[in-house]
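Peer 1: This is the structure I want to talk about, given as structure tokens.
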Amino acid sequence: MRTTLSSLALLLVSTTAPAFAKSAPLPEEAIPSVATLPADYPASWLLVHDFHFNALLDGRIAIVDTQNEKLPLKAQVRAAQFANYLLSRGKREIYTAETFYSRLTRGERTDAITIWDTATLEPKGEIVLPGGKRQLSVSYTGLFQFTNREKWALVANFTPAQSITVVDLDGRKVLNEIDLPGCAQIYPTGDRGFASLCADGSLISMTLDDKGAVASSKTFEGFQDIDRQPLFGMPALVGKTAWFVSYYGQLQAVDLSGAVAKPLPAKASVGTAEGGAPEWRPGGWQVIASDAKGLLYVLMSPNGREGSHKDGGTEVWVVDPVANKRLRRIDLGGLAGSITVTREAAPRLVVSRPDAKVDVFDAQSGQLVRHLGANVGANPILLVPAQ
Amino acid sequence: MRTTLSSLALLLVSTTAPAFAKSAPLPEEAIPSVATLPADYPASWLLVHDFHFNALLDGRIAIVDTQNEKLPLKAQVRAAQFANYLLSRGKREIYTAETFYSRLTRGERTDAITIWDTATLEPKGEIVLPGGKRQLSVSYTGLFQFTNREKWALVANFTPAQSITVVDLDGRKVLNEIDLPGCAQIYPTGDRGFASLCADGSLISMTLDDKGAVASSKTFEGFQDIDRQPLFGMPALVGKTAWFVSYYGQLQAVDLSGAVAKPLPAKASVGTAEGGAPEWRPGGWQVIASDAKGLLYVLMSPNGREGSHKDGGTEVWVVDPVANKRLRRIDLGGLAGSITVTREAAPRLVVSRPDAKVDVFDAQSGQLVRHLGANVGANPILLVPAQ
Amino acid sequence: MADFDRWTEKLSRGLARGTSRRSSLAWLGALATGAAVIPALPVARAATPAPSGGDKRPPVMSSNPQDPGDATTCEYWRYCAIDGFLCTCCGGTVNTCPPGTEMSPITWIGTCTNPADGRAYVISYNDCCGVSSCGQCLCNRNEGDRPQVRPQANNDYNWCLGTQSSIYNCSVAAIVGVALEDAK
Amino acid sequence: MADFDRWTEKLSRGLARGTSRRSSLAWLGALATGAAVIPALPVARAATPAPSGGDKRPPVMSSNPQDPGDATTCEYWRYCAIDGFLCTCCGGTVNTCPPGTEMSPITWIGTCTNPADGRAYVISYNDCCGVSSCGQCLCNRNEGDRPQVRPQANNDYNWCLGTQSSIYNCSVAAIVGVALEDAK
């Protein structure tokens, strides 16, 4: 009798019930059963990029509830091979820009944007990106951005020729490709445009027409001094103002609210402090964040020197950039690589550690609120608040 | 000047040479440069399945030199999504049987065998397996086997309907599919056939014709008692005799040399010992190995009880199965999950640990020879000697 | 699912879903051989390393004292024959798959003794599919696990079968019945 | 490679291959601004966790005393601006890709000071491509690393470009020249 019938049957074993109370047995449970998420994620949630160094082609977005110290991981979304991602709160969609090969590591390359429903995390659609040119690099928010009121997305390309693909998310199609030699990172401006940083230190700002073609372009020379004050690529946004921080702690603002980006004359600094060896400098991957009041939070390394800018930091310095005044220092009790600040009523400073642990601090008092443990992913390098 | 010219230029910095001896500078080094392997792997090498639990779709075969404690990892071969693999010494080829999706985790499924050159590890060809039915499970050697003097391969399928796909490796094509309801694992027999274990405890042996169809089939009832003495799925081979070990340490042999498998009457046992709690039993993933003299090595757990059969073991017991005599016990100094024995002049017992460390012992003396560290992969669950 | 063994599918779906459960179980029970004795206390994890080490999680207990234990640990009673990442740690629960995954309709089953009521329950270990390895709370226990020749008693298979994708994310442990009527 | 910026490609290939190296370097050297000061001693690893922890490896030293240090550690002098898995630990060497991979023809470069001779060498950090993440000896150092607006000075890019596959396995650190002629 060579059937699975016998295998099933032999599983069921005779047991003799010991002397327990004669309660009713636990009920049978409904399967299949699959959880869903609220379509609108709470302010305590983050979309964390688990970059997955040991399997870069198998990265993920971890959806994380920072208020839940028992079960912070709410779900995982595929984010293959140096992916980038966006959340549209209005459309209740997550977008991943990914790269695939027909044989995992070899064969035909396909770049595509996948559209995921925020509640079910089921894919709703896909837009293939032509040319196999999507920029693959350690995760920056500026490689995939909305424009045109989240109807469109801009994708950075690097072959190493640099360009931007304009995608109509709602229409599920690619609109245009814009050559952008010598410039990197995308910062959306106004209704339909973006700014980018260029190799000579300039900032370029382009507006787009309704076909996704360049309508106007303006260059601001000398925006940054890449030799003396290079800027970290990811700024913190205060409203529509992007605050960049340099390797040495200088703060520089760009107004992105209008059709054309406007570098602001206001400059500030994170300040200095004793105790550095040789000095305190910003250090880490995602080193600057803002809160709803417009304060900036900068991750600081006490071992600042040439090459320390990705080493991570042990303190967060809180700065009022308008007053150019440091308000306080938060001791993280150990090294962190990335930081963000939530928009909760009581804002939280969330930090990820080199050992994949995530900790939550009170952004105002600087007190530790809770440990989330190493329970959200292998390499949580980007922390993006859901609100 | 927004060009990469400037970016290159700015990299080159003025340095003033300190007071060093005026030796010639180190020469420039030739690039590109890619290493190759010897086409015939030495007896100290293993093909280790790194199952990669944290990214199952991105498993690998690690090619490991167990004599090299500094750099044991010689190369990695793709082994995607519950892969299986084979090495043909004669053809100097490695075969991987893998599963791919067009969008990494979703989309169109493709099962395929890839043929890799042992020296360059470049793919030489591919044979697509139809039907998306390849068995996906934790790695067993019996899911992908040669027959017909390594000209053909047999692939286990599970949907959960069970069948075997017959593949002509040299002709790069699929020959046939053989239904095999209720049976699992492939053990090649004779020139062109295989045996398999079935759910009623029988062993079935089939011969194939030159088209890959079943020419004859013979069933041996009562080969194993799955309730009282279930056999681990992977036997150790002594010549063409397969020695299976049961969950309780009974040894059972099958002669696979002829066209039809022949269960041998000879039975043996790993024996018993004091100090178990409650008793010593085989435990681990790859729990039995042989040496060139025909001795068997069985990984033993001191905590043997129902369900302990995959818990790993702390000792290896060496048994002469023909004399039914235990010769010695080797203390592994900690838990191991898989074992093998090389065919080196001085045979080595190689064990992998739950923390991914690999250790090498002298198979004769039981003395530790060297630690290879956790330097070959994340989850080394199968250890296959290259000779 | 074109290649399914229809008979097997129907049988295992029936079991897994709990539909016609009582009759299937009674029917199967009549054939049961009473081979293995299920230990009352869960044993240790098997020899697979924990993923990304971290602080110990706070326990996740059910609100029902008749279902005792921490569902994020391998020692929880229902996990007596599980092999994989615990869905409780992955965005699901002990019997619910994480968002974005699909639960396998067919599965392997175990028989685990609930220490609170002494009953042996039939547990369906359904896999959640279509998202890559969760990477959290890896657990392997093998009480009642038998070789691959008995598929429904073997946890080495990837049971992401009959799903759109065979990619494995995590495993749940759902109660689908009490092992024998006379155990009540 | 159809989409390559031909000018960039030619320049960087020339540099990376060492062909016409002397003339390119002299030409580029004339434009050098002397901005960054390369520290003489390598600094610590960056904040990426080590992969599968294990026993410390025995050191792998070159046979040349003028090339000192252990090529399996992040502290080796040539790695001053590397980011990735060290190919020495993956089946390659400090300047050779592992079997089965393809070396990227274009790359980022760093300028590292050799503590044995005090010279600043131009190091080409070519990526090895077509096999998934090696997973051994992860190392990130950033001396001279600049933002992504300067691609050849930035180690955040996946430099598996112009290769058959963009899948990243590990990185080598090959000497392609001495930074300035007058440093001799």
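Every chain in the structure tokens takes a letter, A first, then B, and so on in the order presented; its residues are numbered from 1, and the ligands are numbered from 1 following the presented order.
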Give me the residues near region 302-315 of chain A as a PyMOL selection string, where near means some atom within 7 Å (using only C-alpha atoms) and where sequence neighbours in that chain fewer than 6 positions away do not count.
Peer 2: (chain A and resi 247+276-285+329-337) or (chain D and resi 46-47+141-145)
Peer 1: Taking only C-alpha atoms into account and nothing else, which residues of chain B lie no more than 6 Å away from chain C? Please answer as a list in words.
Peer 2: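 Taking only C-alpha atoms into account, Asn54, Ala55, Thr105, Arg106, Leu136, Ser137, Val138, Thr159, Ala161, Cys183, Ala184, Cys198, Ala199, Asp227, Glu306, Gly307, Asp311, Gly312, Pro354 and Asp355 of chain B sit within 6 Å of chain C.
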Peer 1: Those same residues, written as a CSV table (one decimal), in the first residue's frame with all heavy atoms?
Peer 2:
```csv
chain,number,residue,atom,x,y,z
B,54,ASN,N,18.3,32.5,5.5
B,54,ASN,CA,17.8,33.8,5.5
B,54,ASN,C,17.5,34.4,4.1
B,54,ASN,O,17.0,35.5,4.0
B,54,ASN,CB,18.7,34.8,6.3
B,54,ASN,CG,18.6,34.6,7.8
B,54,ASN,OD1,17.7,33.9,8.2
B,54,ASN,ND2,19.5,35.2,8.5
B,55,ALA,N,17.9,33.7,3.1
B,55,ALA,CA,17.6,34.0,1.7
B,55,ALA,C,17.6,32.7,0.9
B,55,ALA,O,18.5,32.5,0.1
B,55,ALA,CB,18.6,35.0,1.1
B,105,THR,N,10.5,36.6,-6.6
B,105,THR,CA,9.6,35.9,-5.7
B,105,THR,C,8.3,35.6,-6.3
B,105,THR,O,7.5,34.9,-5.7
B,105,THR,CB,9.4,36.8,-4.4
B,105,THR,OG1,8.8,38.0,-4.8
B,105,THR,CG2,10.7,37.0,-3.6
B,106,ARG,N,8.0,36.2,-7.4
B,106,ARG,CA,6.7,36.0,-8.1
B,106,ARG,C,6.9,35.9,-9.6
B,106,ARG,O,8.0,36.1,-10.1
B,106,ARG,CB,5.8,37.2,-7.8
B,106,ARG,CG,5.3,37.3,-6.3
B,106,ARG,CD,4.7,38.6,-6.0
B,106,ARG,NE,4.1,38.6,-4.7
B,106,ARG,CZ,2.7,38.4,-4.5
B,106,ARG,NH1,1.9,38.2,-5.6
B,106,ARG,NH2,2.2,38.4,-3.3
B,136,LEU,N,11.1,20.8,-4.0
B,136,LEU,CA,11.8,21.8,-3.2
B,136,LEU,C,11.8,21.4,-1.7
B,136,LEU,O,10.7,21.2,-1.2
B,136,LEU,CB,11.1,23.2,-3.3
B,136,LEU,CG,10.9,23.7,-4.8
B,136,LEU,CD1,10.3,25.1,-4.8
B,136,LEU,CD2,12.2,23.7,-5.5
B,137,SER,N,12.9,21.1,-1.2
B,137,SER,CA,13.0,20.7,0.2
B,137,SER,C,14.4,20.9,0.7
B,137,SER,O,15.3,21.2,-0.1
B,137,SER,CB,12.5,19.2,0.4
B,137,SER,OG,13.5,18.4,-0.1
B,138,VAL,N,14.5,20.8,2.0
B,138,VAL,CA,15.9,20.9,2.6
B,138,VAL,C,16.7,19.8,1.8
B,138,VAL,O,16.2,18.8,1.4
B,138,VAL,CB,15.8,20.7,4.1
B,138,VAL,CG1,17.2,20.9,4.7
B,138,VAL,CG2,14.9,21.6,4.8
B,159,THR,N,4.7,17.7,-6.2
B,159,THR,CA,3.8,18.8,-6.4
B,159,THR,C,2.5,18.8,-5.5
B,159,THR,O,1.8,19.8,-5.7
B,159,THR,CB,3.3,18.6,-7.9
B,159,THR,OG1,2.5,17.5,-8.0
B,159,THR,CG2,4.4,18.7,-8.9
B,161,ALA,N,2.3,15.4,-6.0
B,161,ALA,CA,2.5,14.1,-6.7
B,161,ALA,C,4.0,13.9,-7.0
B,161,ALA,O,4.7,14.9,-7.2
B,161,ALA,CB,1.8,14.2,-8.1
B,183,CYS,N,6.7,7.4,-3.4
B,183,CYS,CA,8.1,7.0,-3.1
B,183,CYS,C,9.0,8.3,-3.2
B,183,CYS,O,8.6,9.3,-3.9
B,183,CYS,CB,8.6,6.0,-4.2
B,183,CYS,SG,7.6,4.5,-4.2
B,184,ALA,N,10.1,8.3,-2.5
B,184,ALA,CA,10.9,9.4,-2.3
B,184,ALA,C,12.4,9.0,-2.4
B,184,ALA,O,12.7,7.9,-2.0
B,184,ALA,CB,10.6,10.2,-1.0
B,198,CYS,N,9.7,3.8,-0.4
B,198,CYS,CA,8.3,4.1,-0.5
B,198,CYS,C,7.6,4.1,0.8
B,198,CYS,O,8.1,3.6,1.8
B,198,CYS,CB,7.7,3.0,-1.5
B,198,CYS,SG,8.5,3.1,-3.1
B,199,ALA,N,6.4,4.7,0.8
B,199,ALA,CA,5.7,5.0,2.0
B,199,ALA,C,5.2,3.8,2.8
B,199,ALA,O,4.9,3.9,4.0
B,199,ALA,CB,4.5,5.9,1.7
B,227,ASP,N,7.7,3.0,11.1
B,227,ASP,CA,7.3,3.4,12.5
B,227,ASP,C,8.4,3.1,13.5
B,227,ASP,O,8.6,3.9,14.4
B,227,ASP,CB,6.0,2.6,12.8
B,227,ASP,CG,4.9,3.0,11.9
B,227,ASP,OD1,4.7,4.2,11.7
B,227,ASP,OD2,4.3,2.1,11.3
B,306,GLU,N,12.3,10.9,20.9
B,306,GLU,CA,11.4,11.2,19.7
B,306,GLU,C,11.6,12.6,19.3
B,306,GLU,O,11.5,13.6,20.1
B,306,GLU,CB,9.9,11.0,20.1
B,306,GLU,CG,8.9,11.5,19.1
B,306,GLU,CD,9.2,10.9,17.7
B,306,GLU,OE1,9.6,9.7,17.6
B,306,GLU,OE2,8.9,11.6,16.7
B,307,GLY,N,11.9,12.8,18.0
B,307,GLY,CA,12.1,14.2,17.5
B,307,GLY,C,13.5,14.7,17.6
B,307,GLY,O,13.8,15.8,17.1
B,311,ASP,N,18.6,17.0,15.6
B,311,ASP,CA,19.1,17.9,16.6
B,311,ASP,C,20.6,18.1,16.5
B,311,ASP,O,21.2,19.0,17.1
B,311,ASP,CB,18.8,17.5,18.0
B,311,ASP,CG,17.3,17.9,18.4
B,311,ASP,OD1,16.6,18.5,17.5
B,311,ASP,OD2,16.9,17.6,19.5
B,312,GLY,N,21.3,17.3,15.7
B,312,GLY,CA,22.8,17.4,15.7
B,312,GLY,C,23.4,16.5,16.7
B,312,GLY,O,22.6,15.9,17.6
B,354,PRO,N,26.3,24.2,14.0
B,354,PRO,CA,25.2,25.1,13.9
B,354,PRO,C,25.5,26.5,13.7
B,354,PRO,O,24.7,27.3,13.1
B,354,PRO,CB,24.5,24.9,15.2
B,354,PRO,CG,24.9,23.6,15.7
B,354,PRO,CD,26.3,23.4,15.2
B,355,ASP,N,26.7,27.0,14.1
B,355,ASP,CA,27.1,28.4,13.9
B,355,ASP,C,27.9,28.6,12.6
B,355,ASP,O,28.5,29.6,12.5
B,355,ASP,CB,27.8,28.9,15.1
B,355,ASP,CG,29.1,28.1,15.4
B,355,ASP,OD1,29.4,27.1,14.6
B,355,ASP,OD2,29.8,28.3,16.4
```
Peer 1: Just to confirm, what's the straight-line distance from CA of Leu37 (chain A) to CA of Val122 (chain C) in Å (one decimal)?
Peer 2: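 So the answer is 29.3 Å.
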Peer 1: Could you check how far CA of Trp116 (chain A) sits from CA of Glu344 (chain A), in Å to one decimal?
Peer 2: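 So the two atoms, CA of Trp116 (chain A) and CA of Glu344 (chain A), lie 24.7 Å apart.
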Peer 1: Quick one: which residues from chain B are at most 10 Å off chain A, using only C-alpha atoms, as a short mmCIF file (atom, residue, chain, number, x, y, z; two decimals) with C-alpha atoms, in the first residue's frame?
Peer 2:
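Once written, iface-v2.cif looks like this:
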```
data_model
loop_
_atom_site.label_atom_id
_atom_site.label_comp_id
_atom_site.auth_asym_id
_atom_site.auth_seq_id
_atom_site.Cartn_x
_atom_site.Cartn_y
_atom_site.Cartn_z
CA MET B 1 32.71 72.02 -15.66
CA ARG B 2 30.24 69.32 -14.84
CA THR B 3 32.12 66.23 -15.95
CA THR B 4 33.61 63.13 -14.50
CA LEU B 5 36.97 64.52 -15.54
CA SER B 6 36.88 66.82 -12.58
CA SER B 7 35.86 64.04 -10.25
CA LEU B 10 40.23 65.70 -7.60
CA LEU B 11 40.99 62.23 -6.35
CA HIS B 52 21.18 30.19 3.14
CA ASN B 54 17.80 33.85 5.49
CA ALA B 55 17.59 34.03 1.70
CA LEU B 56 16.56 30.56 0.56
CA LEU B 57 16.15 31.72 -3.02
CA ASP B 58 19.86 32.67 -2.99
CA GLY B 59 21.55 29.43 -1.93
CA ARG B 78 24.79 29.68 -7.70
CA ALA B 79 22.33 27.20 -6.17
CA ALA B 80 19.03 29.06 -6.21
CA GLN B 81 15.89 28.17 -4.24
CA GLU B 98 17.47 25.17 -9.53
CA THR B 99 14.22 27.15 -9.53
CA PHE B 100 13.80 30.77 -10.64
CA TYR B 101 11.00 33.30 -10.81
CA SER B 102 10.85 36.08 -13.39
CA ARG B 103 10.37 38.60 -10.55
CA LEU B 104 12.54 36.96 -7.90
CA THR B 105 9.64 35.91 -5.68
CA ARG B 106 6.71 36.01 -8.10
CA GLU B 108 6.83 32.92 -14.09
CA ARG B 109 8.61 29.88 -12.62
CA THR B 110 11.48 28.24 -14.46
CA ASP B 111 13.20 25.07 -13.27
CA ALA B 112 16.50 24.33 -14.95
CA THR B 114 22.80 24.53 -15.34
CA PRO B 123 27.96 28.11 -17.31
CA PRO B 160 2.89 16.77 -4.04
CA ALA B 161 2.49 14.14 -6.74
CA LEU B 180 6.52 7.32 -8.74
CA PRO B 181 3.56 7.79 -6.39
CA GLY B 182 4.36 7.34 -2.73
CA CYS B 183 8.12 7.04 -3.14
CA LEU B 197 12.04 4.30 -0.79
CA CYS B 198 8.28 4.07 -0.53
CA ALA B 199 5.67 5.02 2.04
CA ASP B 200 4.73 1.43 2.92
CA GLY B 201 8.31 0.64 3.85
CA SER B 202 9.15 -1.05 0.57
CA GLU B 221 8.36 -5.26 0.61
CA ILE B 226 9.01 3.42 9.10
CA ASP B 227 7.29 3.38 12.47
CA GLY B 377 28.89 30.13 4.05
CA ALA B 378 25.90 30.88 6.25
#
```
Peer 1: Quick one: everything within 8 Å of region 191-196 of chain A, counting only C-alpha atoms, minus sequence neighbours fewer than 3 positions away in the same chain. Send it as a PyMOL selection string.
Peer 2: chain A and resi 147-149+183-188+203-209+258-261
Peer 1: Write a file of the selected residues as a compact mmCIF listing (two decimals), in the first residue's frame, keeping all heavy atoms.
Peer 2:
```txt
# COMPACT_ATOMS: atom_id res chain seq x y z
N THR A 147 7.15 63.16 -8.44
CA THR A 147 6.91 64.55 -8.83
C THR A 147 5.50 64.59 -9.38
O THR A 147 4.79 63.57 -9.38
CB THR A 147 7.97 65.07 -9.83
OG1 THR A 147 7.81 66.49 -9.96
CG2 THR A 147 7.82 64.41 -11.19
N ASN A 148 5.06 65.78 -9.80
CA ASN A 148 3.70 65.94 -10.35
C ASN A 148 2.65 65.36 -9.40
O ASN A 148 1.80 64.57 -9.80
CB ASN A 148 3.63 65.27 -11.74
CG ASN A 148 2.43 65.74 -12.53
OD1 ASN A 148 1.74 66.69 -12.13
ND2 ASN A 148 2.17 65.07 -13.65
N ARG A 149 2.74 65.79 -8.15
CA ARG A 149 1.76 65.42 -7.11
C ARG A 149 1.58 63.90 -6.99
O ARG A 149 0.45 63.39 -6.92
CB ARG A 149 0.41 66.08 -7.39
CG ARG A 149 0.49 67.60 -7.43
CD ARG A 149 -0.81 68.24 -7.87
NE ARG A 149 -0.65 69.68 -8.03
CZ ARG A 149 -0.76 70.56 -7.04
NH1 ARG A 149 -1.02 70.14 -5.81
NH2 ARG A 149 -0.58 71.84 -7.27
N CYS A 183 25.53 64.72 -12.87
CA CYS A 183 24.71 65.08 -11.71
C CYS A 183 24.11 63.83 -11.07
O CYS A 183 23.87 62.83 -11.75
CB CYS A 183 23.59 66.03 -12.12
SG CYS A 183 24.22 67.52 -12.92
N ALA A 184 23.85 63.92 -9.78
CA ALA A 184 23.37 62.77 -9.03
C ALA A 184 22.32 63.21 -8.02
O ALA A 184 22.33 64.34 -7.56
CB ALA A 184 24.54 62.09 -8.30
N GLN A 185 21.43 62.30 -7.68
CA GLN A 185 20.37 62.49 -6.70
C GLN A 185 19.24 63.38 -7.25
O GLN A 185 19.49 64.31 -8.00
CB GLN A 185 20.90 63.10 -5.38
CG GLN A 185 22.12 62.42 -4.80
CD GLN A 185 21.84 61.04 -4.20
OE1 GLN A 185 20.74 60.81 -3.72
NE2 GLN A 185 22.81 60.16 -4.25
N ILE A 186 18.05 63.04 -6.82
CA ILE A 186 16.83 63.72 -7.29
C ILE A 186 16.13 64.34 -6.08
O ILE A 186 15.85 63.64 -5.11
CB ILE A 186 15.85 62.70 -7.94
CG1 ILE A 186 16.51 61.99 -9.11
CG2 ILE A 186 14.56 63.39 -8.35
CD1 ILE A 186 15.78 60.70 -9.52
N TYR A 187 15.85 65.66 -6.17
CA TYR A 187 15.10 66.35 -5.11
C TYR A 187 13.91 67.02 -5.78
O TYR A 187 14.09 68.01 -6.51
CB TYR A 187 16.00 67.37 -4.41
CG TYR A 187 17.32 66.78 -3.97
CD1 TYR A 187 18.49 67.05 -4.68
CD2 TYR A 187 17.40 65.92 -2.88
CE1 TYR A 187 19.71 66.50 -4.30
CE2 TYR A 187 18.61 65.35 -2.50
CZ TYR A 187 19.76 65.65 -3.21
OH TYR A 187 20.96 65.08 -2.85
N PRO A 188 12.70 66.51 -5.57
CA PRO A 188 11.54 67.06 -6.29
C PRO A 188 11.28 68.52 -5.93
O PRO A 188 11.44 68.92 -4.76
CB PRO A 188 10.38 66.18 -5.83
CG PRO A 188 10.93 65.12 -4.98
CD PRO A 188 12.33 65.46 -4.62
N LEU A 203 24.17 73.25 -8.28
CA LEU A 203 22.86 72.63 -8.14
C LEU A 203 22.09 72.97 -9.41
O LEU A 203 22.10 74.12 -9.86
CB LEU A 203 22.16 73.17 -6.89
CG LEU A 203 20.76 72.63 -6.58
CD1 LEU A 203 20.57 72.51 -5.08
CD2 LEU A 203 19.68 73.55 -7.15
N ILE A 204 21.45 71.96 -10.00
CA ILE A 204 20.67 72.22 -11.20
C ILE A 204 19.21 71.98 -10.88
O ILE A 204 18.88 71.10 -10.08
CB ILE A 204 21.16 71.33 -12.37
CG1 ILE A 204 20.52 71.77 -13.69
CG2 ILE A 204 20.89 69.85 -12.11
CD1 ILE A 204 21.17 71.15 -14.92
N SER A 205 18.34 72.80 -11.44
CA SER A 205 16.90 72.66 -11.19
C SER A 205 16.18 72.66 -12.53
O SER A 205 16.40 73.54 -13.37
CB SER A 205 16.40 73.80 -10.31
OG SER A 205 15.04 73.62 -9.99
N MET A 206 15.35 71.64 -12.74
CA MET A 206 14.65 71.51 -14.01
C MET A 206 13.16 71.46 -13.76
O MET A 206 12.70 70.86 -12.79
CB MET A 206 15.08 70.20 -14.70
CG MET A 206 16.52 70.22 -15.17
SD MET A 206 16.92 68.69 -16.04
CE MET A 206 18.48 69.14 -16.80
N THR A 207 12.41 72.08 -14.66
CA THR A 207 10.96 71.89 -14.65
C THR A 207 10.60 71.03 -15.86
O THR A 207 11.30 71.02 -16.87
CB THR A 207 10.21 73.23 -14.72
OG1 THR A 207 10.56 73.89 -15.93
CG2 THR A 207 10.57 74.12 -13.53
N LEU A 208 9.50 70.31 -15.72
CA LEU A 208 9.09 69.36 -16.76
C LEU A 208 7.77 69.81 -17.37
O LEU A 208 6.92 70.39 -16.68
CB LEU A 208 8.93 67.96 -16.15
CG LEU A 208 10.16 67.40 -15.45
CD1 LEU A 208 9.84 66.03 -14.86
CD2 LEU A 208 11.35 67.30 -16.40
N ASP A 209 7.60 69.51 -18.65
CA ASP A 209 6.30 69.78 -19.26
C ASP A 209 5.39 68.57 -19.04
O ASP A 209 5.78 67.60 -18.38
CB ASP A 209 6.46 70.15 -20.74
CG ASP A 209 6.97 68.98 -21.58
OD1 ASP A 209 6.89 67.81 -21.13
OD2 ASP A 209 7.47 69.23 -22.69
N GLY A 258 9.01 75.96 -4.78
CA GLY A 258 8.63 76.55 -6.06
C GLY A 258 8.99 75.65 -7.23
O GLY A 258 9.59 74.58 -7.06
N ALA A 259 8.65 76.11 -8.40
CA ALA A 259 8.95 75.34 -9.60
C ALA A 259 10.45 75.18 -9.76
O ALA A 259 10.92 74.16 -10.26
CB ALA A 259 8.35 76.04 -10.83
N VAL A 260 11.20 76.19 -9.36
CA VAL A 260 12.66 76.14 -9.45
C VAL A 260 13.23 76.15 -8.04
O VAL A 260 12.82 76.94 -7.20
CB VAL A 260 13.19 77.33 -10.26
CG1 VAL A 260 14.71 77.36 -10.27
CG2 VAL A 260 12.65 77.29 -11.68
N ALA A 261 14.17 75.26 -7.80
CA ALA A 261 14.80 75.19 -6.48
C ALA A 261 15.52 76.50 -6.19
O ALA A 261 16.00 77.19 -7.10
CB ALA A 261 15.80 74.04 -6.44
```
Peer 1: Going by DSSP on the backbone, which residues of region 65-187 of chain B come out as helix (DSSP H, G or I)? List them as a ChimeraX atom specification.
Peer 2: /B:130-132,141-143
Peer 1: Using DSSP on the backbone coordinates, identify all residues within region 131-374 of chain B classified as strand (DSSP E); present the result as an MDAnalysis selection string.
Peer 2: chainID B and resid 144:147 152:158 162:168 173:179 183:189 193:198 203:208 214:220 236:238 241:245 250:255 262:269 279:282 288:290 296:304 313:320 325:336 338:341 348:352 358:362 368:373
Peer 1: If we count only C-alpha atoms and set the cut-off at 10 Å, which residues sit around region 143-145 of chain B, ignoring sequence neighbours fewer than 2 positions away in its own chain? Please answer as number ranges by chain.
Peer 2: B: 83-87, 95-97, 134-137, 139-141, 147, 150, 152-157, 164-166, 184-188, 194
Peer 1: Only C-alpha atoms, please: the residues just picked out, written as a tab-separated table (two decimals), in the first residue's frame.
Peer 2:
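Writing the result to out.tsv gives the following:
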```tsv
chain	number	residue	atom	x	y	z
B	83	ALA	CA	18.83	23.68	-5.28
B	84	ASN	CA	20.48	20.32	-5.72
B	85	TYR	CA	23.86	19.65	-7.28
B	86	LEU	CA	26.19	17.04	-8.73
B	87	LEU	CA	29.87	16.89	-9.66
B	95	TYR	CA	25.36	20.49	-12.37
B	96	THR	CA	22.89	22.58	-10.39
B	97	ALA	CA	19.14	21.90	-10.45
B	134	ARG	CA	11.04	20.08	-9.15
B	135	GLN	CA	10.97	18.97	-5.51
B	136	LEU	CA	11.83	21.84	-3.19
B	137	SER	CA	12.98	20.70	0.20
B	139	SER	CA	18.86	19.50	0.73
B	140	TYR	CA	19.09	15.73	0.20
B	141	THR	CA	21.59	14.11	-2.13
B	147	THR	CA	22.57	7.40	-13.93
B	150	GLU	CA	26.83	10.22	-15.68
B	152	TRP	CA	21.95	11.23	-17.61
B	153	ALA	CA	20.54	12.76	-14.47
B	154	LEU	CA	17.40	11.96	-12.48
B	155	VAL	CA	15.48	14.82	-10.87
B	156	ALA	CA	12.92	14.27	-8.10
B	157	ASN	CA	9.58	16.06	-8.49
B	164	ILE	CA	11.21	11.49	-11.59
B	165	THR	CA	12.38	13.49	-14.60
B	166	VAL	CA	15.02	11.71	-16.70
B	184	ALA	CA	10.93	9.45	-2.35
B	185	GLN	CA	14.70	9.77	-2.88
B	186	ILE	CA	16.76	8.45	-5.80
B	187	TYR	CA	19.58	5.90	-5.40
B	188	PRO	CA	21.22	5.07	-8.75
B	194	PHE	CA	17.58	3.66	-9.69
```
